[in-house]
Amino acid sequence: MSLFADIRRRLDLRPSKPSLNLAGSPARPAPEASSTEPPSGRRDPLGTPGTDHSAYLAIAEALTDGADVVPASDETGRRLAADGVSLVEALDGLSALYRSIAGGEPAFAAVRALSSSWADASLVYLHSLSCEDPLTGLSSLAHLRSRLGELYREAEFRGTSVPQTHALVVVEPLDPPGTTPFDRELRLVDVAECLRIVFCGGDVLGRVGTHRAAAVVGREPNLPEQVATVRALITQWRLDTDVPQLARTWIEGLPASDAMAGRLLDELARP
């Protein structure tokens, strides 16, 4: 029994189409807004009249009272980063505050505390961002690059060759004229589901540009059969239409170096 026939048997020929999970499979709980919501809004602490000055209030009070400005500067840096204020704007505001109250430039300790806390808060936000496309569940292009980089470093350490051990399986849905952007996104959701069925191990499945998906896979002896299975699944995936869902599916060889692999991804990501 072929791999495709076995998969179709285990899926029981999909007699009824389940509800579509636009976030990929399985569904994921929604992250808390406090951990993933991007910084929004900007404030010019010492700008035009009526602007909110509260971010710098603690520093102003410390300067007025002759107290240590480091704790206040540390808290101010975190608040400004959360509000989406750039580091340059944050330091400009600190400088303007010092000139208006102390008559000079900010103390080095205050600049260092504000900059350090701003950077820490910004990194926390960046690290909270998902490496997956929210609609299809496919890894981002940046994550694909990172995984390929790991493969090339491992190969150099082990004395092996990435072009001989791994390859890309690329899928490009062939959308008919007049296909809307939303319909194209739904096709990629279908493609992602089919790739997950066939490449269900440790393979990295990613989105390459707006209209292609790719899997970083090992060059196993049954790779051609796996690709044929992906092609067959995509063609017959939609049970609510008699029109075959066409897609180009091919094995893309990987180049000799990490840098060349990055340029290959760039080429595949182009329309």
# chains A, B, ... in the order shown; residues from 1 in each chain; ligands from 1
call {"tool": "residues_around", "arguments": {"residues": "stretch 250-263 of chain A", "least_positions_apart": "2", "cutoff": "7 Å", "atoms": "only C-alpha atoms", "output": "list in words"}}
result
Arg145, Gly149, Tyr152, Pro163, Ala167, Leu168, Val169, Val170, Val171, Arg248, Leu265, Asp266 and Glu267 of chain A
call {"tool": "residues_around", "arguments": {"residues": "A:His143", "least_positions_apart": "3", "cutoff": "8 Å", "atoms": "only C-alpha atoms", "output": "list of chain:residue names"}}
result
A:Cys131, A:Ser139, A:Ser140, A:Ser146, A:Arg147, A:Gly206
call {"tool": "write_last_selection", "arguments": {"atoms": "C-alpha atoms", "output": "mmCIF file, in the first residue's frame"}}
result
data_model
loop_
_atom_site.group_PDB
_atom_site.id
_atom_site.type_symbol
_atom_site.label_atom_id
_atom_site.label_comp_id
_atom_site.auth_asym_id
_atom_site.auth_seq_id
_atom_site.Cartn_x
_atom_site.Cartn_y
_atom_site.Cartn_z
ATOM 1 C CA CYS A 131 7.809 32.781 15.106
ATOM 2 C CA SER A 139 6.938 29.176 10.637
ATOM 3 C CA SER A 140 8.067 32.614 9.563
ATOM 4 C CA SER A 146 17.495 30.294 11.562
ATOM 5 C CA ARG A 147 16.849 26.562 11.174
ATOM 6 C CA GLY A 206 7.462 27.571 6.896
#
call {"tool": "residues_around", "arguments": {"residues": "stretch 107-119 of chain A", "least_positions_apart": "6", "cutoff": "10 Å", "atoms": "only C-alpha atoms", "output": "PyMOL selection string"}}
result
chain A and resi 59+68-82+85-88+90-91+94-95+98
call {"tool": "closest_residue", "arguments": {"among": "A:Leu97, A:Gly84, A:Thr249, A:Glu105", "to": "A:Ala58", "atoms": "only C-alpha atoms"}}
result
A:Leu97
call {"tool": "residues_around", "arguments": {"residues": "A:Arg196", "least_positions_apart": "6", "cutoff": "12 Å", "atoms": "only C-alpha atoms", "output": "list of chain:residue names"}}
result
A:Ile7, A:Gly24, A:Ser25, A:Pro26, A:Thr136, A:Gly137, A:Leu138, A:Val189, A:Asp190, A:Gly202, A:Asp203, A:Val204, A:Leu205, A:Gly206, A:Ala213, A:Ala214, A:Ala215, A:Val217, A:Gln226, A:Thr229, A:Val230, A:Leu233, A:Ile234
call {"tool": "write_last_selection", "arguments": {"atoms": "all heavy atoms", "output": "short mmCIF file (atom, residue, chain, number, x, y, z; two decimals), in the first residue's frame"}}
result
data_model
loop_
_atom_site.label_atom_id
_atom_site.label_comp_id
_atom_site.auth_asym_id
_atom_site.auth_seq_id
_atom_site.Cartn_x
_atom_site.Cartn_y
_atom_site.Cartn_z
N ILE A 7 -2.51 6.98 4.13
CA ILE A 7 -2.99 8.19 4.78
C ILE A 7 -4.48 8.38 4.52
O ILE A 7 -5.25 8.70 5.42
CB ILE A 7 -2.20 9.41 4.28
CG1 ILE A 7 -0.77 9.39 4.85
CG2 ILE A 7 -2.89 10.72 4.70
CD1 ILE A 7 0.11 10.47 4.33
N GLY A 24 -4.36 27.31 12.07
CA GLY A 24 -3.52 26.13 11.94
C GLY A 24 -4.06 25.03 12.82
O GLY A 24 -5.11 25.14 13.45
N SER A 25 -3.34 23.91 12.90
CA SER A 25 -3.79 22.76 13.67
C SER A 25 -2.66 22.33 14.59
O SER A 25 -1.53 22.18 14.18
CB SER A 25 -4.16 21.63 12.74
OG SER A 25 -4.50 20.47 13.47
N PRO A 26 -2.95 22.11 15.88
CA PRO A 26 -4.22 22.32 16.56
C PRO A 26 -4.45 23.78 16.91
O PRO A 26 -3.52 24.57 16.83
CB PRO A 26 -4.08 21.49 17.84
CG PRO A 26 -2.61 21.56 18.12
CD PRO A 26 -1.93 21.55 16.77
N THR A 136 -1.78 30.58 9.08
CA THR A 136 -1.51 29.22 8.62
C THR A 136 -0.84 28.35 9.67
O THR A 136 -0.86 27.13 9.56
CB THR A 136 -0.61 29.26 7.37
OG1 THR A 136 0.66 29.84 7.72
CG2 THR A 136 -1.25 30.08 6.26
N GLY A 137 -0.21 28.96 10.68
CA GLY A 137 0.56 28.19 11.64
C GLY A 137 1.93 27.80 11.12
O GLY A 137 2.69 27.11 11.81
N LEU A 138 2.28 28.22 9.90
CA LEU A 138 3.61 27.94 9.34
C LEU A 138 4.64 28.85 9.98
O LEU A 138 4.35 29.99 10.34
CB LEU A 138 3.60 28.14 7.83
CG LEU A 138 2.74 27.17 7.01
CD1 LEU A 138 2.62 27.65 5.57
CD2 LEU A 138 3.31 25.76 7.05
N VAL A 189 -3.63 27.76 4.01
CA VAL A 189 -4.05 26.99 5.19
C VAL A 189 -4.18 25.52 4.82
O VAL A 189 -3.72 24.62 5.55
CB VAL A 189 -5.38 27.54 5.75
CG1 VAL A 189 -5.91 26.63 6.85
CG2 VAL A 189 -5.19 28.95 6.30
N ASP A 190 -4.81 25.23 3.67
CA ASP A 190 -4.93 23.85 3.21
C ASP A 190 -3.56 23.23 2.97
O ASP A 190 -3.30 22.07 3.34
CB ASP A 190 -5.74 23.80 1.91
CG ASP A 190 -7.21 24.16 2.12
OD1 ASP A 190 -7.66 24.14 3.28
OD2 ASP A 190 -7.89 24.48 1.13
N GLY A 202 10.12 16.00 12.94
CA GLY A 202 10.79 17.22 13.38
C GLY A 202 11.07 18.21 12.26
O GLY A 202 11.86 19.13 12.44
N ASP A 203 10.43 18.02 11.11
CA ASP A 203 10.67 18.91 9.98
C ASP A 203 10.09 20.30 10.25
O ASP A 203 9.04 20.43 10.88
CB ASP A 203 10.02 18.33 8.71
CG ASP A 203 10.47 16.90 8.43
OD1 ASP A 203 11.65 16.72 8.15
OD2 ASP A 203 9.63 16.00 8.53
N VAL A 204 10.77 21.33 9.77
CA VAL A 204 10.31 22.71 9.92
C VAL A 204 9.49 23.09 8.70
O VAL A 204 9.96 22.98 7.57
CB VAL A 204 11.50 23.68 10.09
CG1 VAL A 204 11.01 25.11 10.16
CG2 VAL A 204 12.29 23.33 11.34
N LEU A 205 8.26 23.50 8.92
CA LEU A 205 7.36 23.91 7.85
C LEU A 205 7.18 25.41 7.93
O LEU A 205 6.78 25.94 8.97
CB LEU A 205 6.00 23.21 7.98
CG LEU A 205 6.04 21.70 8.26
CD1 LEU A 205 4.63 21.16 8.41
CD2 LEU A 205 6.78 20.97 7.14
N GLY A 206 7.48 26.11 6.84
CA GLY A 206 7.46 27.57 6.90
C GLY A 206 6.77 28.19 5.70
O GLY A 206 6.56 27.56 4.66
N ALA A 213 4.82 27.82 0.38
CA ALA A 213 5.18 27.20 1.65
C ALA A 213 6.33 26.24 1.37
O ALA A 213 6.49 25.74 0.25
CB ALA A 213 3.99 26.44 2.25
N ALA A 214 7.15 25.99 2.39
CA ALA A 214 8.30 25.11 2.21
C ALA A 214 8.54 24.32 3.49
O ALA A 214 8.25 24.78 4.59
CB ALA A 214 9.55 25.92 1.85
N ALA A 215 9.07 23.11 3.30
CA ALA A 215 9.43 22.25 4.42
C ALA A 215 10.91 21.92 4.32
O ALA A 215 11.40 21.54 3.25
CB ALA A 215 8.61 20.97 4.40
N VAL A 217 13.41 19.33 5.04
CA VAL A 217 13.27 17.89 5.29
C VAL A 217 14.59 17.18 5.06
O VAL A 217 15.48 17.68 4.37
CB VAL A 217 12.19 17.28 4.37
CG1 VAL A 217 10.84 17.96 4.59
CG2 VAL A 217 12.59 17.38 2.90
N GLN A 226 6.94 10.88 -0.58
CA GLN A 226 6.32 11.86 0.30
C GLN A 226 5.85 13.08 -0.48
O GLN A 226 4.76 13.61 -0.25
CB GLN A 226 7.31 12.28 1.39
CG GLN A 226 7.58 11.22 2.44
CD GLN A 226 8.60 11.68 3.46
OE1 GLN A 226 9.68 12.16 3.10
NE2 GLN A 226 8.26 11.55 4.73
N THR A 229 2.77 12.30 -2.31
CA THR A 229 1.64 12.25 -1.39
C THR A 229 1.13 13.65 -1.08
O THR A 229 -0.08 13.89 -1.04
CB THR A 229 2.03 11.52 -0.09
OG1 THR A 229 2.46 10.19 -0.41
CG2 THR A 229 0.86 11.46 0.87
N VAL A 230 2.05 14.58 -0.84
CA VAL A 230 1.66 15.97 -0.61
C VAL A 230 0.87 16.49 -1.80
O VAL A 230 -0.19 17.12 -1.66
CB VAL A 230 2.90 16.86 -0.36
CG1 VAL A 230 2.52 18.33 -0.38
CG2 VAL A 230 3.55 16.50 0.97
N LEU A 233 -2.62 14.89 -1.87
CA LEU A 233 -3.49 15.40 -0.80
C LEU A 233 -4.01 16.79 -1.13
O LEU A 233 -5.19 17.09 -0.93
CB LEU A 233 -2.72 15.42 0.52
CG LEU A 233 -2.59 14.11 1.29
CD1 LEU A 233 -1.73 14.30 2.52
CD2 LEU A 233 -3.95 13.57 1.68
N ILE A 234 -3.12 17.66 -1.61
CA ILE A 234 -3.54 19.02 -1.93
C ILE A 234 -4.59 19.00 -3.04
O ILE A 234 -5.59 19.73 -2.99
CB ILE A 234 -2.33 19.87 -2.35
CG1 ILE A 234 -1.39 20.09 -1.15
CG2 ILE A 234 -2.77 21.21 -2.93
CD1 ILE A 234 -0.10 20.77 -1.49
#
call {"tool": "atom_distance", "arguments": {"atom1": "atom CA of A:Gly209", "atom2": "atom CA of A:Arg270"}}
result
6.3 Å
call {"tool": "atom_distance", "arguments": {"atom1": "atom CA of A:Arg187", "atom2": "atom CA of A:Gly201"}}
result
22.7 Å
call {"tool": "select_by_dssp", "arguments": {"residues": "stretch 51-229 of chain A", "states": "helix (DSSP H, G or I)", "output": "PyMOL selection string"}}
result
chain A and resi 54-65+70-82+87-101+108-128+141-158+162-165+181-198+223-229
